[in-house]
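For reference, the structure is listed below as structure tokens.
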Amino acid sequence: MPAFPMHEAPPASARMRYHAVAIVLHWLLALMITASFSLGLYMTDLPLSPMRLKLYNWHKWAGVTILALSALRLLWRLGHPPPALPAAVATAMAPWQLILFRATHRLMYLLFFAVPLAGWAHSSAMGFPVIWFGVLPLPDFVPVDRAFAEAVLKPLHAGCAFSLAAAVLLHVGAVLKHQLIDRADLLARMWPARHGDPR
């Protein structure tokens, strides 16, 4: 049964918030991407040891999980368009800011896939198969070629990861600007609803 009668439009407040599924996927991905990026920075400087190998496996498992969640989020997004920007924000943004806003979101979606896929390809080319959580072996879609892995795939993975980090920082900075300076409560659109809040 629809939340609103078919002959009535939902109130404006209901159209301003993201769906609960989108909110959960957003924050889960944000947490996992932050943790995986931080782990990647930490583990690369460790000497070869069982702990380093364990951290690399955790990093790979996180990457595959991020890839799966990103696919789920994209599928959800295709069937559930996001709410429009608040009128106060949309009218206050210059045309170039709107273009940058849309470009940053598209770039982040692209990198959600590019970063883990490049890491998976690097692992395959190095001859180290990815076994998700030590249970599910994943196919190697790149032949073993360690020279190619070190010269191309490793810097590609790192470059995509740092590009994603930069895009995320730009995204967070824009949200904080609108939240703190423009006084537009954008965070409420992507924050879990409290009891009694409009949905």
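Labels used: A, B, ... for chains in the order of the structure tokens, numbers from 1 for residues in each chain, and numbers from 1 for ligands as shown.
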
Test item, helix (DSSP H, G or I) assignment across region 55-141 of chain A, answer as a VMD selection string: chain A and resid 55 to 79 87 to 92 95 to 126

Return the single residue from A:Leu100, A:Val89, A:Leu117, A:Leu156 that is closest to Ser70 (chain A), with distances computed using only C-alpha atoms. A:Leu117

Do a neighbour search on Asp140 (chain A) at 10 Å with only C-alpha atoms, toss out local chain neighbours closer than 5 positions, and write the hits as a list in words. Trp120, Ala121, His122, Ser123, Ser124, Ala125, Gly127, Phe128, Pro129 and Val130 of chain A

Kindly export the residues of the current selection with all heavy atoms, as a JSON list (two decimals), in the first residue's frame.
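Result written to again_18.json:
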[["chain", "number", "residue", "atom", "x", "y", "z"],
["A", 120, "TRP", "N", 41.83, -5.46, -6.94],
["A", 120, "TRP", "CA", 41.61, -6.87, -7.26],
["A", 120, "TRP", "C", 42.50, -7.29, -8.42],
["A", 120, "TRP", "O", 43.13, -8.36, -8.40],
["A", 120, "TRP", "CB", 40.12, -7.05, -7.60],
["A", 120, "TRP", "CG", 39.65, -8.45, -7.84],
["A", 120, "TRP", "CD1", 40.39, -9.59, -7.91],
["A", 120, "TRP", "CD2", 38.29, -8.85, -8.06],
["A", 120, "TRP", "NE1", 39.60, -10.68, -8.17],
["A", 120, "TRP", "CE2", 38.30, -10.24, -8.25],
["A", 120, "TRP", "CE3", 37.09, -8.15, -8.11],
["A", 120, "TRP", "CZ2", 37.13, -10.96, -8.51],
["A", 120, "TRP", "CZ3", 35.91, -8.87, -8.36],
["A", 120, "TRP", "CH2", 35.95, -10.26, -8.55],
["A", 121, "ALA", "N", 42.57, -6.43, -9.46],
["A", 121, "ALA", "CA", 43.41, -6.73, -10.62],
["A", 121, "ALA", "C", 44.88, -6.82, -10.22],
["A", 121, "ALA", "O", 45.61, -7.71, -10.69],
["A", 121, "ALA", "CB", 43.21, -5.66, -11.69],
["A", 122, "HIS", "N", 45.31, -5.93, -9.35],
["A", 122, "HIS", "CA", 46.70, -5.96, -8.89],
["A", 122, "HIS", "C", 47.01, -7.26, -8.14],
["A", 122, "HIS", "O", 48.04, -7.89, -8.36],
["A", 122, "HIS", "CB", 46.98, -4.76, -7.98],
["A", 122, "HIS", "CG", 48.33, -4.79, -7.35],
["A", 122, "HIS", "ND1", 48.54, -5.15, -6.04],
["A", 122, "HIS", "CD2", 49.56, -4.54, -7.87],
["A", 122, "HIS", "CE1", 49.83, -5.10, -5.77],
["A", 122, "HIS", "NE2", 50.48, -4.73, -6.85],
["A", 123, "SER", "N", 46.09, -7.68, -7.27],
["A", 123, "SER", "CA", 46.29, -8.92, -6.53],
["A", 123, "SER", "C", 46.36, -10.12, -7.48],
["A", 123, "SER", "O", 47.21, -11.01, -7.32],
["A", 123, "SER", "CB", 45.16, -9.10, -5.52],
["A", 123, "SER", "OG", 45.39, -10.21, -4.68],
["A", 124, "SER", "N", 45.48, -10.12, -8.47],
["A", 124, "SER", "CA", 45.48, -11.21, -9.46],
["A", 124, "SER", "C", 46.78, -11.24, -10.25],
["A", 124, "SER", "O", 47.37, -12.30, -10.47],
["A", 124, "SER", "CB", 44.29, -11.06, -10.42],
["A", 124, "SER", "OG", 43.06, -11.16, -9.73],
["A", 125, "ALA", "N", 47.22, -10.07, -10.70],
["A", 125, "ALA", "CA", 48.44, -10.01, -11.50],
["A", 125, "ALA", "C", 49.68, -10.39, -10.69],
["A", 125, "ALA", "O", 50.66, -10.88, -11.24],
["A", 125, "ALA", "CB", 48.60, -8.61, -12.08],
["A", 127, "GLY", "N", 49.64, -12.73, -8.55],
["A", 127, "GLY", "CA", 49.53, -14.16, -8.30],
["A", 127, "GLY", "C", 48.96, -14.49, -6.95],
["A", 127, "GLY", "O", 49.11, -15.62, -6.46],
["A", 128, "PHE", "N", 48.31, -13.50, -6.30],
["A", 128, "PHE", "CA", 47.69, -13.72, -4.99],
["A", 128, "PHE", "C", 46.18, -13.71, -5.16],
["A", 128, "PHE", "O", 45.58, -12.63, -5.29],
["A", 128, "PHE", "CB", 48.12, -12.63, -4.01],
["A", 128, "PHE", "CG", 49.61, -12.53, -3.81],
["A", 128, "PHE", "CD1", 50.25, -11.30, -3.91],
["A", 128, "PHE", "CD2", 50.36, -13.66, -3.54],
["A", 128, "PHE", "CE1", 51.62, -11.22, -3.73],
["A", 128, "PHE", "CE2", 51.72, -13.58, -3.36],
["A", 128, "PHE", "CZ", 52.37, -12.35, -3.46],
["A", 129, "PRO", "N", 45.54, -14.85, -5.17],
["A", 129, "PRO", "CA", 44.08, -14.88, -5.37],
["A", 129, "PRO", "C", 43.35, -14.23, -4.21],
["A", 129, "PRO", "O", 43.84, -14.19, -3.08],
["A", 129, "PRO", "CB", 43.76, -16.38, -5.45],
["A", 129, "PRO", "CG", 44.88, -17.05, -4.74],
["A", 129, "PRO", "CD", 46.09, -16.21, -4.99],
["A", 130, "VAL", "N", 42.19, -13.67, -4.53],
["A", 130, "VAL", "CA", 41.35, -13.04, -3.51],
["A", 130, "VAL", "C", 40.32, -14.08, -3.04],
["A", 130, "VAL", "O", 39.53, -14.58, -3.84],
["A", 130, "VAL", "CB", 40.62, -11.80, -4.06],
["A", 130, "VAL", "CG1", 39.71, -11.19, -2.99],
["A", 130, "VAL", "CG2", 41.62, -10.78, -4.55]]

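One finds CA of Ala188 (chain A) at 28.5 Å from CA of Gly63 (chain A).
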
Using only C-alpha atoms, can you tell me which of A:Met43, A:Ala151, A:Met32, A:Leu186 comes closest to Leu85 (chain A)? A:Leu186

Between A:Leu29, A:Ala166, A:Ile23, A:Ile131, which one has atoms that come closest to Trp61 (chain A), using only C-alpha atoms? A:Ile131

If you count only C-alpha atoms, the residue of A:Ser38, A:Thr44, A:Gln179, A:Thr65 closest to Phe112 (chain A) turns out to be A:Thr65

List every residue of region 29-146 of chain A that DSSP, applied to the backbone of this structure, places in strand (DSSP E or B), and write the result as a list in words. Ile131, Trp132, Leu136 and Pro137 of chain A

Mind writing the picked residues with all heavy atoms as a compact mmCIF listing (two decimals), in the first residue's frame?
# COMPACT_ATOMS: atom_id res chain seq x y z
N ILE A 131 40.36 -14.40 -1.77
CA ILE A 131 39.40 -15.35 -1.18
C ILE A 131 38.60 -14.55 -0.14
O ILE A 131 39.10 -14.25 0.94
CB ILE A 131 40.10 -16.56 -0.54
CG1 ILE A 131 41.00 -17.24 -1.57
CG2 ILE A 131 39.08 -17.53 0.02
CD1 ILE A 131 41.81 -18.40 -1.01
N TRP A 132 37.38 -14.20 -0.51
CA TRP A 132 36.55 -13.29 0.29
C TRP A 132 36.27 -13.88 1.66
O TRP A 132 35.66 -14.95 1.77
CB TRP A 132 35.27 -12.99 -0.47
CG TRP A 132 34.53 -11.78 0.01
CD1 TRP A 132 35.02 -10.76 0.75
CD2 TRP A 132 33.16 -11.48 -0.24
NE1 TRP A 132 34.04 -9.82 0.97
CE2 TRP A 132 32.89 -10.24 0.39
CE3 TRP A 132 32.13 -12.13 -0.92
CZ2 TRP A 132 31.64 -9.64 0.34
CZ3 TRP A 132 30.88 -11.53 -0.98
CH2 TRP A 132 30.65 -10.30 -0.35
N LEU A 136 35.18 -17.62 0.15
CA LEU A 136 34.71 -17.61 -1.24
C LEU A 136 35.84 -17.19 -2.17
O LEU A 136 36.23 -16.01 -2.21
CB LEU A 136 33.53 -16.65 -1.39
CG LEU A 136 32.93 -16.51 -2.79
CD1 LEU A 136 32.35 -17.85 -3.25
CD2 LEU A 136 31.85 -15.43 -2.80
N PRO A 137 36.41 -18.14 -2.96
CA PRO A 137 37.46 -17.77 -3.91
C PRO A 137 36.86 -16.97 -5.07
O PRO A 137 35.84 -17.37 -5.64
CB PRO A 137 38.01 -19.12 -4.39
CG PRO A 137 37.33 -20.17 -3.59
CD PRO A 137 36.13 -19.57 -2.96

List as a ChimeraX atom specification the protein and nucleic acid residues near Phe37 (chain A), meaning an atom at most 9 Å away when only C-alpha atoms are counted, but skip any in the same chain fewer than 2 places from it. /A:32-35,39-42,59,161-162,165

Give one line per residue of region 92-143 of chain A that approaches region 73-81 of chain A to at most 12 Å, naming the two atoms of the closest pair and their distance in Å to one decimal, counting only C-alpha atoms; sort by chain then ascending residue number and deliver it as JSON lines.
{"residue": "A:His105", "atom": "CA", "partner": "A:Leu74", "partner_atom": "CA", "distance": 11.8}
{"residue": "A:Arg106", "atom": "CA", "partner": "A:Leu74", "partner_atom": "CA", "distance": 10.9}
{"residue": "A:Met108", "atom": "CA", "partner": "A:Leu74", "partner_atom": "CA", "distance": 11.4}
{"residue": "A:Tyr109", "atom": "CA", "partner": "A:Leu74", "partner_atom": "CA", "distance": 7.9}
{"residue": "A:Leu110", "atom": "CA", "partner": "A:Leu74", "partner_atom": "CA", "distance": 10.3}
{"residue": "A:Phe112", "atom": "CA", "partner": "A:Leu74", "partner_atom": "CA", "distance": 10.0}
{"residue": "A:Phe113", "atom": "CA", "partner": "A:Leu74", "partner_atom": "CA", "distance": 10.3}

Which of A:Ala158, A:Leu69, A:Ala88, A:Leu46 sits closest to Val21 (chain A) [using only C-alpha atoms]: A:Leu69

Tell me, in Å to one decimal, how far CA of Gln97 (chain A) is from CA of Gly173 (chain A).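 It comes out at 12.9 Å.
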
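Going from CA of Leu164 (chain A) to CA of Leu111 (chain A) covers 6.0 Å.
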
For Thr104 (chain A), work out the shell of residues within 8 Å, counting only C-alpha atoms and skipping chain neighbours fewer than 5 positions away, then give it as a list in words.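 The neighbour list is Ala167, Leu170 and His171 of chain A.
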